[in-house]
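Have a look at query_20.cif; it's mmCIF, C-alpha atoms:
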```cif
data_final
#
loop_
_atom_site.group_PDB
_atom_site.id
_atom_site.type_symbol
_atom_site.label_atom_id
_atom_site.label_comp_id
_atom_site.auth_asym_id
_atom_site.auth_seq_id
_atom_site.Cartn_x
_atom_site.Cartn_y
_atom_site.Cartn_z
ATOM 1 C CA MET A 1 114.607 94.269 71.197
ATOM 2 C CA GLU A 2 112.919 91.688 73.433
ATOM 3 C CA GLU A 3 110.595 93.198 76.029
ATOM 4 C CA LYS A 4 111.771 92.840 79.609
ATOM 5 C CA SER A 5 109.259 91.593 82.164
ATOM 6 C CA ILE A 6 108.984 93.874 85.217
ATOM 7 C CA LEU A 7 106.979 92.866 88.283
ATOM 8 C CA VAL A 8 106.194 95.207 91.204
ATOM 9 C CA LEU A 9 105.227 93.643 94.538
ATOM 10 C CA GLY A 10 103.817 94.898 97.832
ATOM 11 C CA ASP A 11 105.369 94.505 101.288
ATOM 12 C CA SER A 12 107.470 91.350 101.600
ATOM 13 C CA HIS A 13 108.443 91.840 105.288
ATOM 14 C CA ALA A 14 111.546 89.613 105.002
ATOM 15 C CA ARG A 15 109.400 86.643 103.990
ATOM 16 C CA TRP A 16 111.966 85.404 101.516
ATOM 17 C CA ASP A 17 110.060 82.115 101.300
ATOM 18 C CA TYR A 18 106.999 83.962 99.945
ATOM 19 C CA LEU A 19 109.167 86.056 97.637
ATOM 20 C CA CYS A 20 111.037 83.029 96.362
ATOM 21 C CA SER A 21 107.781 81.265 95.590
ATOM 22 C CA ILE A 22 106.621 84.139 93.368
ATOM 23 C CA LEU A 23 109.978 84.639 91.656
ATOM 24 C CA ALA A 24 110.420 80.909 91.066
ATOM 25 C CA VAL A 25 106.970 80.618 89.484
ATOM 26 C CA TYR A 26 107.068 83.745 87.292
ATOM 27 C CA SER A 27 110.780 84.511 86.854
ATOM 28 C CA PRO A 28 110.489 88.230 85.900
ATOM 29 C CA ASP A 29 113.574 89.990 84.557
ATOM 30 C CA LEU A 30 113.152 92.720 87.187
ATOM 31 C CA CYS A 31 111.195 92.645 90.436
ATOM 32 C CA ILE A 32 110.662 95.790 92.522
ATOM 33 C CA VAL A 33 109.323 95.599 96.089
ATOM 34 C CA ALA A 34 107.503 98.818 97.054
ATOM 35 C CA GLY A 35 108.858 99.132 100.602
ATOM 36 C CA ASP A 36 108.763 97.058 103.790
ATOM 37 C CA PHE A 37 111.119 94.820 101.875
ATOM 38 C CA GLY A 38 112.511 93.444 105.131
ATOM 39 C CA TRP A 39 116.108 94.704 105.197
ATOM 40 C CA TRP A 40 117.028 93.746 108.762
ATOM 41 C CA PRO A 41 120.755 92.808 108.761
ATOM 42 C CA LYS A 42 120.836 92.547 112.578
ATOM 43 C CA LEU A 43 117.623 90.556 112.956
ATOM 44 C CA PHE A 44 117.021 88.274 109.967
ATOM 45 C CA PRO A 45 118.881 86.655 107.084
ATOM 46 C CA LEU A 46 119.103 88.887 104.033
ATOM 47 C CA PRO A 47 117.624 87.891 100.664
ATOM 48 C CA HIS A 48 120.967 87.076 99.039
ATOM 49 C CA ASP A 49 121.744 84.743 101.969
ATOM 50 C CA ILE A 50 118.516 82.820 101.474
ATOM 51 C CA LEU A 51 117.204 83.032 97.912
ATOM 52 C CA PRO A 52 118.580 80.318 95.624
ATOM 53 C CA ALA A 53 121.337 81.525 93.296
ATOM 54 C CA SER A 54 119.247 80.357 90.338
ATOM 55 C CA VAL A 55 116.403 82.702 91.352
ATOM 56 C CA LEU A 56 118.638 85.761 91.771
ATOM 57 C CA ALA A 57 120.450 84.942 88.527
ATOM 58 C CA ALA A 58 117.124 85.033 86.670
ATOM 59 C CA THR A 59 115.646 88.110 88.398
ATOM 60 C CA GLU A 60 117.232 91.430 89.326
ATOM 61 C CA LEU A 61 115.706 92.364 92.688
ATOM 62 C CA HIS A 62 115.065 96.048 93.483
ATOM 63 C CA PHE A 63 113.489 97.699 96.525
ATOM 64 C CA LEU A 64 112.756 101.031 98.169
ATOM 65 C CA ASP A 65 112.509 101.574 101.904
ATOM 66 C CA GLY A 66 109.258 101.263 103.768
ATOM 67 C CA ASN A 67 108.741 102.039 107.421
ATOM 68 C CA HIS A 68 109.764 98.547 108.538
ATOM 69 C CA GLU A 69 113.460 98.477 107.579
ATOM 70 C CA ASP A 70 116.804 99.011 109.312
ATOM 71 C CA HIS A 71 117.075 102.609 108.136
ATOM 72 C CA PRO A 72 120.526 103.418 109.577
ATOM 73 C CA SER A 73 122.082 100.539 107.650
ATOM 74 C CA LEU A 74 120.385 101.685 104.435
ATOM 75 C CA CYS A 75 121.456 105.293 105.030
ATOM 76 C CA ALA A 76 125.032 104.082 105.560
ATOM 77 C CA ALA A 77 124.934 102.374 102.152
ATOM 78 C CA ALA A 78 123.180 105.277 100.388
ATOM 79 C CA PRO A 79 123.564 108.539 102.375
ATOM 80 C CA ARG A 80 120.674 110.993 102.371
ATOM 81 C CA GLY A 81 121.049 113.499 99.573
ATOM 82 C CA SER A 82 123.166 111.269 97.343
ATOM 83 C CA PHE A 83 120.098 110.162 95.352
ATOM 84 C CA GLN A 84 122.135 107.231 94.069
ATOM 85 C CA SER A 85 120.881 103.667 93.926
ATOM 86 C CA VAL A 86 123.268 101.077 95.338
ATOM 87 C CA GLU A 87 123.768 97.368 94.729
ATOM 88 C CA LEU A 88 123.822 95.949 98.260
ATOM 89 C CA ALA A 89 124.584 92.446 96.981
ATOM 90 C CA PRO A 90 124.735 90.907 93.501
ATOM 91 C CA HIS A 91 121.328 91.486 91.855
ATOM 92 C CA VAL A 92 119.899 93.163 95.016
ATOM 93 C CA ILE A 93 119.536 96.923 94.444
ATOM 94 C CA TYR A 94 118.301 99.559 96.880
ATOM 95 C CA HIS A 95 116.737 102.811 95.647
ATOM 96 C CA PRO A 96 116.869 105.569 98.304
ATOM 97 C CA CYS A 97 114.476 108.499 98.498
ATOM 98 C CA GLY A 98 114.943 110.883 95.607
ATOM 99 C CA SER A 99 116.718 108.447 93.296
ATOM 100 C CA THR A 100 115.536 107.654 89.791
ATOM 101 C CA MET A 101 115.820 104.676 87.452
ATOM 102 C CA GLU A 102 115.212 104.321 83.754
ATOM 103 C CA LEU A 103 113.333 101.146 82.895
ATOM 104 C CA PRO A 104 114.350 99.061 79.863
ATOM 105 C CA ASP A 105 111.357 100.469 77.965
ATOM 106 C CA GLY A 106 112.559 104.068 78.522
ATOM 107 C CA ARG A 107 110.124 105.101 81.253
ATOM 108 C CA THR A 108 111.595 106.919 84.255
ATOM 109 C CA VAL A 109 110.796 105.933 87.846
ATOM 110 C CA PHE A 110 111.167 108.239 90.887
ATOM 111 C CA PHE A 111 111.519 106.609 94.317
ATOM 112 C CA ALA A 112 110.099 108.147 97.489
ATOM 113 C CA GLY A 113 110.081 105.527 100.242
ATOM 114 C CA GLY A 114 109.386 105.806 103.949
ATOM 115 C CA GLY A 115 106.316 106.155 106.119
ATOM 116 C CA LYS A 116 105.110 106.036 109.703
ATOM 117 C CA SER A 117 104.835 102.778 111.654
ATOM 118 C CA ILE A 118 101.386 102.538 113.191
ATOM 119 C CA ASP A 119 102.698 99.651 115.344
ATOM 120 C CA ARG A 120 105.388 101.790 116.984
ATOM 121 C CA ALA A 121 104.102 100.806 120.453
ATOM 122 C CA TYR A 122 105.189 97.219 119.809
ATOM 123 C CA ARG A 123 108.699 98.060 118.592
ATOM 124 C CA GLU A 124 111.984 99.062 120.205
ATOM 125 C CA GLU A 125 113.895 102.121 118.998
ATOM 126 C CA GLY A 126 117.312 101.172 117.668
ATOM 127 C CA ARG A 127 116.320 97.545 117.184
ATOM 128 C CA ASP A 128 113.261 97.322 114.941
ATOM 129 C CA TRP A 129 112.091 100.931 114.810
ATOM 130 C CA PHE A 130 113.958 104.039 113.679
ATOM 131 C CA PRO A 131 112.794 107.676 113.478
ATOM 132 C CA GLU A 132 114.457 107.877 110.030
ATOM 133 C CA GLU A 133 111.410 106.026 108.680
ATOM 134 C CA ILE A 134 109.565 109.317 108.108
ATOM 135 C CA LEU A 135 109.941 110.811 104.632
ATOM 136 C CA GLU A 136 110.982 114.464 104.813
ATOM 137 C CA ARG A 137 111.156 117.083 102.077
ATOM 138 C CA ALA A 138 114.892 117.418 102.760
ATOM 139 C CA HIS A 139 115.355 113.789 101.688
ATOM 140 C CA LEU A 140 114.388 114.675 98.102
ATOM 141 C CA PRO A 141 116.029 116.841 95.411
ATOM 142 C CA SER A 142 115.269 120.558 95.648
ATOM 143 C CA LYS A 143 113.872 120.395 92.100
ATOM 144 C CA LEU A 144 111.617 117.414 91.549
ATOM 145 C CA PRO A 145 111.966 115.807 88.105
ATOM 146 C CA LYS A 146 109.088 115.140 85.733
ATOM 147 C CA VAL A 147 108.797 111.337 85.554
ATOM 148 C CA ASP A 148 106.530 108.632 84.194
ATOM 149 C CA ILE A 149 106.168 106.582 87.379
ATOM 150 C CA VAL A 150 106.485 107.235 91.110
ATOM 151 C CA LEU A 151 107.139 104.317 93.454
ATOM 152 C CA SER A 152 106.507 105.119 97.101
ATOM 153 C CA HIS A 153 105.634 103.125 100.184
ATOM 154 C CA THR A 154 102.695 105.161 101.486
ATOM 155 C CA VAL A 155 100.567 107.523 99.355
ATOM 156 C CA PRO A 156 99.794 111.263 99.045
ATOM 157 C CA THR A 157 96.864 112.710 100.968
ATOM 158 C CA ALA A 158 95.502 113.778 97.575
ATOM 159 C CA PHE A 159 94.453 110.174 96.902
ATOM 160 C CA GLY A 160 92.086 110.369 99.861
ATOM 161 C CA ILE A 161 93.166 107.083 101.441
ATOM 162 C CA ALA A 162 93.759 106.859 105.193
ATOM 163 C CA LYS A 163 95.569 104.187 107.140
ATOM 164 C CA HIS A 164 93.023 102.673 109.499
ATOM 165 C CA SER A 165 92.124 99.465 111.264
ATOM 166 C CA TRP A 166 90.257 97.740 108.453
ATOM 167 C CA LYS A 167 90.351 94.207 109.810
ATOM 168 C CA ASN A 168 90.308 92.470 113.174
ATOM 169 C CA THR A 169 93.686 92.376 114.863
ATOM 170 C CA PRO A 170 94.793 91.009 118.230
ATOM 171 C CA ARG A 171 96.894 94.127 118.721
ATOM 172 C CA GLY A 172 94.762 97.231 119.094
ATOM 173 C CA ASN A 173 97.208 99.894 120.270
ATOM 174 C CA PHE A 174 97.951 101.283 116.822
ATOM 175 C CA ASP A 175 98.795 104.914 116.116
ATOM 176 C CA PHE A 176 96.533 106.246 113.367
ATOM 177 C CA SER A 177 97.582 109.871 113.830
ATOM 178 C CA PRO A 178 98.635 111.751 110.653
ATOM 179 C CA ASP A 179 101.796 110.593 108.905
ATOM 180 C CA PRO A 180 104.034 113.565 107.936
ATOM 181 C CA SER A 181 105.329 111.537 104.971
ATOM 182 C CA VAL A 182 102.072 111.830 103.047
ATOM 183 C CA LYS A 183 102.267 115.641 102.892
ATOM 184 C CA VAL A 184 105.701 115.321 101.311
ATOM 185 C CA LEU A 185 104.239 112.911 98.773
ATOM 186 C CA ASP A 186 101.644 115.571 97.871
ATOM 187 C CA MET A 187 104.619 117.732 96.810
ATOM 188 C CA VAL A 188 106.033 114.802 94.837
ATOM 189 C CA LEU A 189 102.700 114.334 93.069
ATOM 190 C CA ARG A 190 102.527 118.009 92.051
ATOM 191 C CA GLY A 191 106.210 118.233 91.153
ATOM 192 C CA CYS A 192 106.746 114.934 89.307
ATOM 193 C CA ARG A 193 103.276 114.758 87.673
ATOM 194 C CA PRO A 194 103.494 111.007 86.991
ATOM 195 C CA SER A 195 100.982 109.142 84.895
ATOM 196 C CA LEU A 196 101.389 106.089 87.143
ATOM 197 C CA TRP A 197 101.884 105.802 90.914
ATOM 198 C CA ILE A 198 102.555 102.508 92.727
ATOM 199 C CA SER A 199 102.775 101.994 96.478
ATOM 200 C CA ALA A 200 102.093 99.417 99.197
ATOM 201 C CA HIS A 201 101.879 99.842 103.018
ATOM 202 C CA TYR A 202 98.116 99.332 103.430
ATOM 203 C CA HIS A 203 98.122 95.528 103.210
ATOM 204 C CA ARG A 204 95.214 95.566 100.792
ATOM 205 C CA ARG A 205 94.724 96.280 97.101
ATOM 206 C CA LEU A 206 93.325 99.679 96.109
ATOM 207 C CA ASP A 207 93.242 101.087 92.568
ATOM 208 C CA GLY A 208 92.043 104.407 91.241
ATOM 209 C CA ILE A 209 92.574 107.568 89.199
ATOM 210 C CA TYR A 210 93.591 110.965 90.521
ATOM 211 C CA ALA A 211 92.853 113.865 88.158
ATOM 212 C CA GLU A 212 93.370 117.568 88.812
ATOM 213 C CA ASN A 213 94.579 120.635 86.886
ATOM 214 C CA GLY A 214 95.251 118.725 83.691
ATOM 215 C CA MET A 215 97.088 115.904 85.486
ATOM 216 C CA ARG A 216 95.816 112.334 85.382
ATOM 217 C CA THR A 217 97.555 109.776 87.598
ATOM 218 C CA GLU A 218 96.561 106.135 87.727
ATOM 219 C CA TYR A 219 97.444 104.665 91.123
ATOM 220 C CA HIS A 220 97.768 101.122 92.427
ATOM 221 C CA ILE A 221 98.268 100.266 96.091
ATOM 222 C CA LEU A 222 99.524 96.694 96.366
ATOM 223 C CA ASP A 223 98.645 94.144 99.017
ATOM 224 C CA GLN A 224 101.348 92.492 101.135
ATOM 225 C CA LEU A 225 102.804 89.128 100.128
ATOM 226 C CA ASP A 226 100.708 86.674 102.059
ATOM 227 C CA GLY A 227 101.373 83.036 101.365
ATOM 228 C CA TYR A 228 103.012 80.800 98.815
ATOM 229 C CA PHE A 229 100.004 80.573 96.528
ATOM 230 C CA CYS A 230 100.912 82.201 93.225
ATOM 231 C CA SER A 231 98.610 83.157 90.388
ATOM 232 C CA SER A 232 98.974 85.874 87.785
ATOM 233 C CA ALA A 233 95.212 86.354 87.898
ATOM 234 C CA TYR A 234 94.933 86.013 91.661
ATOM 235 C CA SER A 235 97.590 88.031 93.433
ATOM 236 C CA SER A 236 96.489 91.397 94.785
ATOM 237 C CA ALA A 237 100.125 91.993 95.760
ATOM 238 C CA ALA A 238 101.452 92.107 92.186
ATOM 239 C CA LEU A 239 101.460 94.508 89.252
ATOM 240 C CA TRP A 240 103.224 93.850 85.945
ATOM 241 C CA LEU A 241 104.799 97.022 84.587
ATOM 242 C CA SER A 242 105.797 95.303 81.385
ATOM 243 C CA GLY A 243 105.945 91.828 79.948
ATOM 244 C CA ARG A 244 103.647 88.991 80.846
ATOM 245 C CA PRO A 245 103.854 86.154 83.346
ATOM 246 C CA CYS A 246 105.739 83.215 81.893
ATOM 247 C CA ARG A 247 102.893 80.911 82.947
ATOM 248 C CA ASP A 248 99.162 81.292 83.437
ATOM 249 C CA SER A 249 98.796 78.390 85.832
ATOM 250 C CA ILE A 250 99.270 78.658 89.577
ATOM 251 C CA GLY A 251 101.540 76.829 91.928
ATOM 252 C CA PHE A 252 104.171 76.949 94.642
ATOM 253 C CA GLY A 253 107.856 77.749 94.438
ATOM 254 C CA PHE A 254 110.246 75.696 96.560
ATOM 255 C CA PRO A 255 113.501 76.848 98.205
ATOM 256 C CA ASP A 256 115.658 75.516 95.376
ATOM 257 C CA GLY A 257 113.568 77.325 92.767
ATOM 258 C CA SER A 258 111.644 74.247 91.616
ATOM 259 C CA ILE A 259 107.902 74.585 91.043
ATOM 260 C CA ALA A 260 104.890 72.434 91.845
ATOM 261 C CA GLU A 261 101.669 73.172 90.001
ATOM 262 C CA ALA A 262 98.419 73.383 91.977
ATOM 263 C CA ARG A 263 95.115 71.850 90.845
ATOM 264 C CA ARG A 264 91.445 72.597 91.271
ATOM 265 C CA ASP A 265 89.600 70.892 94.069
ATOM 266 C CA ALA A 266 86.107 69.433 93.774
ATOM 267 C CA SER A 267 84.525 72.874 94.289
ATOM 268 C CA GLY A 268 86.400 74.269 91.311
ATOM 269 C CA LEU A 269 88.705 76.429 93.427
ATOM 270 C CA TYR A 270 92.446 76.305 93.081
ATOM 271 C CA GLY A 271 93.928 75.338 96.389
ATOM 272 C CA CYS A 272 95.074 71.716 96.449
ATOM 273 C CA LEU A 273 98.471 70.261 95.716
ATOM 274 C CA PRO A 274 98.673 66.531 94.948
ATOM 275 C CA HIS A 275 101.573 64.896 96.760
ATOM 276 C CA GLU A 276 103.028 63.673 93.489
ATOM 277 C CA ASN A 277 103.468 67.327 92.464
ATOM 278 C CA ILE A 278 105.914 67.958 95.304
ATOM 279 C CA PRO A 279 109.459 67.857 93.866
ATOM 280 C CA LEU A 280 111.186 64.535 94.400
ATOM 281 C CA GLN A 281 113.899 65.909 96.699
ATOM 282 C CA TYR A 282 111.211 67.092 99.154
ATOM 283 C CA ARG A 283 108.957 64.021 99.087
ATOM 284 C CA GLY A 284 110.504 62.359 102.147
ATOM 285 C CA ALA A 285 110.228 65.521 104.217
ATOM 286 C CA ALA A 286 106.685 66.042 102.939
ATOM 287 C CA GLU A 287 105.580 62.530 103.866
ATOM 288 C CA GLU A 288 106.998 63.014 107.352
ATOM 289 C CA PHE A 289 105.388 66.439 107.701
ATOM 290 C CA PHE A 290 101.928 65.388 106.492
ATOM 291 C CA ARG A 291 101.847 62.068 108.362
ATOM 292 C CA GLY A 292 98.818 61.963 110.642
ATOM 293 C CA ARG A 293 97.184 64.994 109.061
ATOM 294 C CA THR A 294 93.784 64.826 107.435
ATOM 295 C CA ALA A 295 94.530 64.765 103.722
ATOM 296 C CA PRO A 296 91.929 66.419 101.485
ATOM 297 C CA VAL A 297 90.870 64.560 98.387
ATOM 298 C CA LEU A 298 91.082 65.655 94.769
ATOM 299 C CA GLN A 299 89.120 64.190 91.901
ATOM 300 C CA GLY A 300 91.531 63.165 89.165
ATOM 301 C CA ALA A 301 90.810 63.475 85.443
ATOM 302 C CA ASP A 302 90.271 59.706 85.327
ATOM 303 C CA GLY A 303 87.713 59.874 88.123
ATOM 304 C CA LYS A 304 90.074 58.457 90.744
ATOM 305 C CA GLN A 305 90.658 60.191 94.042
ATOM 306 C CA ILE A 306 94.060 61.761 94.660
ATOM 307 C CA CYS A 307 95.424 62.557 98.100
ATOM 308 C CA GLY A 308 96.760 66.084 98.399
ATOM 309 C CA ALA A 309 97.228 69.064 100.669
ATOM 310 C CA TYR A 310 95.497 72.426 100.744
ATOM 311 C CA PHE A 311 97.642 75.448 100.117
ATOM 312 C CA HIS A 312 97.820 76.508 103.779
ATOM 313 C CA ASP A 313 99.167 73.056 104.689
ATOM 314 C CA VAL A 314 101.719 73.324 101.902
ATOM 315 C CA GLY A 315 102.594 76.788 103.226
ATOM 316 C CA ASP A 316 103.307 75.323 106.661
ATOM 317 C CA PHE A 317 105.439 72.652 105.037
ATOM 318 C CA LEU A 318 107.414 75.155 102.975
ATOM 319 C CA ARG A 319 107.922 77.348 106.039
ATOM 320 C CA ALA A 320 109.378 74.342 107.851
ATOM 321 C CA LEU A 321 111.728 73.695 104.930
ATOM 322 C CA TRP A 322 112.919 77.303 104.959
ATOM 323 C CA LYS A 323 113.536 77.246 108.715
ATOM 324 C CA ARG A 324 115.569 74.086 108.235
ATOM 325 C CA LYS A 325 117.576 75.861 105.556
ATOM 326 C CA TRP A 326 118.159 78.902 107.803
ATOM 327 C CA THR A 327 119.442 76.797 110.689
#
```
What does this structure look like when you write it as structure tokens?
Amino acid sequence: MEEKSILVLGDSHARWDYLCSILAVYSPDLCIVAGDFGWWPKLFPLPHDILPASVLAATELHFLDGNHEDHPSLCAAAPRGSFQSVELAPHVIYHPCGSTMELPDGRTVFFAGGGKSIDRAYREEGRDWFPEEILERAHLPSKLPKVDIVLSHTVPTAFGIAKHSWKNTPRGNFDFSPDPSVKVLDMVLRGCRPSLWISAHYHRRLDGIYAENGMRTEYHILDQLDGYFCSSAYSSAALWLSGRPCRDSIGFGFPDGSIAEARRDASGLYGCLPHENIPLQYRGAAEEFFRGRTAPVLQGADGKQICGAYFHDVGDFLRALWKRKWT
């Protein structure tokens, strides 16, 4: 039997343009987003409204809830205590707290989403914040199953990782008080005894081993999706559970699922995209967008200079394309 490729990603925050770029480049059979997926039916387009049909046909998209989701709408689709995953749209599957899934390779995954929003002060209850975000013990089965993998949004206190202000931010009124969800995840850790734990929420990559009382759990906390720049060796937001990336090179995925490869710049760093690599159907829009901008220069294999754009400029261009598509 052919091995299925399974990719787990960190917070996507409804950035379907970022998500599309990764899925278009790597085309995994399954992709699981570890919370803060961006399910906001009243605020933003949903993934199946935006992602190209070719991308969703190639990749089955799964997610668990983070703290930044429309929790009432998710609870309406999968009521608390049902522990049943639900297909919200073709190839878009939600896994509520306490549900399980068997992977194609036979491993069992237990889902325990939720977590506290440290940016509560900047949100409005009933619009973009809901008290249902907190994971409670009552949201999980009374008897926790032994599983191979736990996917959560935040992490147990046992891992010794605290949410804190680790980088400069223009918004300083964050709530770093204890999150009740993490105590519940301590119970999940002891009850499920997984060998692998994957989460997100912290917007940075952290990896480690937790070992106690004969249990050894490898954990990976995934970074948020941040940009269109894709690389199997680069992304701190990605973890392959099985299979391998279909390409080792890096590039950008466009809204229709087409791909443009990136190249090294003169310093040896990947980060430039020659204009001729932009798919033909976007060239006119690209020329209009980049007109008047300072174009960086690449050194071609034949020694000639090639005009191009750095990845952040391409990101701005792709964002403009997606906004045009949305409107």
>> Take the PyMOL selection byres ((chain A and resi 106) around 12), run it mentally on this structure, and tell me the resulting residues as a PyMOL selection string.
In response: chain A and resi 3-4+101-105+107-109+147-149+242
> What separation in Å, quoted to one decimal, exists between CA of Ala112 (chain A) and CA of Lys42 (chain A)?
Replying inline: 24.2 Å
>> Which residue is closest to Ser152 (chain A)? Choose from A:Tyr26, A:Phe252, A:Tyr210, A:Tyr219 and count all atoms listed in the file.
In response: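 Looking at the shortest contact to Ser152 (chain A), the residue is A:Tyr219.
Once the PyMOL selection byres ((chain A and resi 183) around 10) is applied to the shown structure, the selection contains Leu135, Glu136, Arg137, Val155, Pro156, Thr157, Ala158, Pro178, Asp179, Pro180, Ser181, Val182, Val184, Leu185, Asp186, Met187, Val188 and Leu189 of chain A.
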>> So that I can check the surroundings of Leu9 (chain A), please list as number ranges by chain every protein, DNA and RNA residue that reaches within 8 Å of it, counting only C-alpha atoms and ignoring chain neighbours fewer than 6 positions away.
In response: A: 31-34, 222-225, 237-239
Would you write out, as an mmCIF file with C-alpha atoms, keeping the file's coordinate frame, every residue that the PyMOL selection byres ((chain A and resi 67-76) around 8) captures in this file?
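Output below, filename result.cif:
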```cif
data_model
loop_
_atom_site.group_PDB
_atom_site.id
_atom_site.type_symbol
_atom_site.label_atom_id
_atom_site.label_comp_id
_atom_site.auth_asym_id
_atom_site.auth_seq_id
_atom_site.Cartn_x
_atom_site.Cartn_y
_atom_site.Cartn_z
ATOM 1 C CA HIS A 13 108.443 91.840 105.288
ATOM 2 C CA GLY A 35 108.858 99.132 100.602
ATOM 3 C CA ASP A 36 108.763 97.058 103.790
ATOM 4 C CA PHE A 37 111.119 94.820 101.875
ATOM 5 C CA GLY A 38 112.511 93.444 105.131
ATOM 6 C CA TRP A 39 116.108 94.704 105.197
ATOM 7 C CA TRP A 40 117.028 93.746 108.762
ATOM 8 C CA PRO A 41 120.755 92.808 108.761
ATOM 9 C CA ASP A 65 112.509 101.574 101.904
ATOM 10 C CA GLY A 66 109.258 101.263 103.768
ATOM 11 C CA ALA A 77 124.934 102.374 102.152
ATOM 12 C CA ALA A 78 123.180 105.277 100.388
ATOM 13 C CA PRO A 79 123.564 108.539 102.375
ATOM 14 C CA ARG A 80 120.674 110.993 102.371
ATOM 15 C CA GLY A 114 109.386 105.806 103.949
ATOM 16 C CA GLY A 115 106.316 106.155 106.119
ATOM 17 C CA LYS A 116 105.110 106.036 109.703
ATOM 18 C CA SER A 117 104.835 102.778 111.654
ATOM 19 C CA ASP A 128 113.261 97.322 114.941
ATOM 20 C CA TRP A 129 112.091 100.931 114.810
ATOM 21 C CA PHE A 130 113.958 104.039 113.679
ATOM 22 C CA GLU A 132 114.457 107.877 110.030
ATOM 23 C CA GLU A 133 111.410 106.026 108.680
ATOM 24 C CA ILE A 134 109.565 109.317 108.108
ATOM 25 C CA HIS A 153 105.634 103.125 100.184
#
```
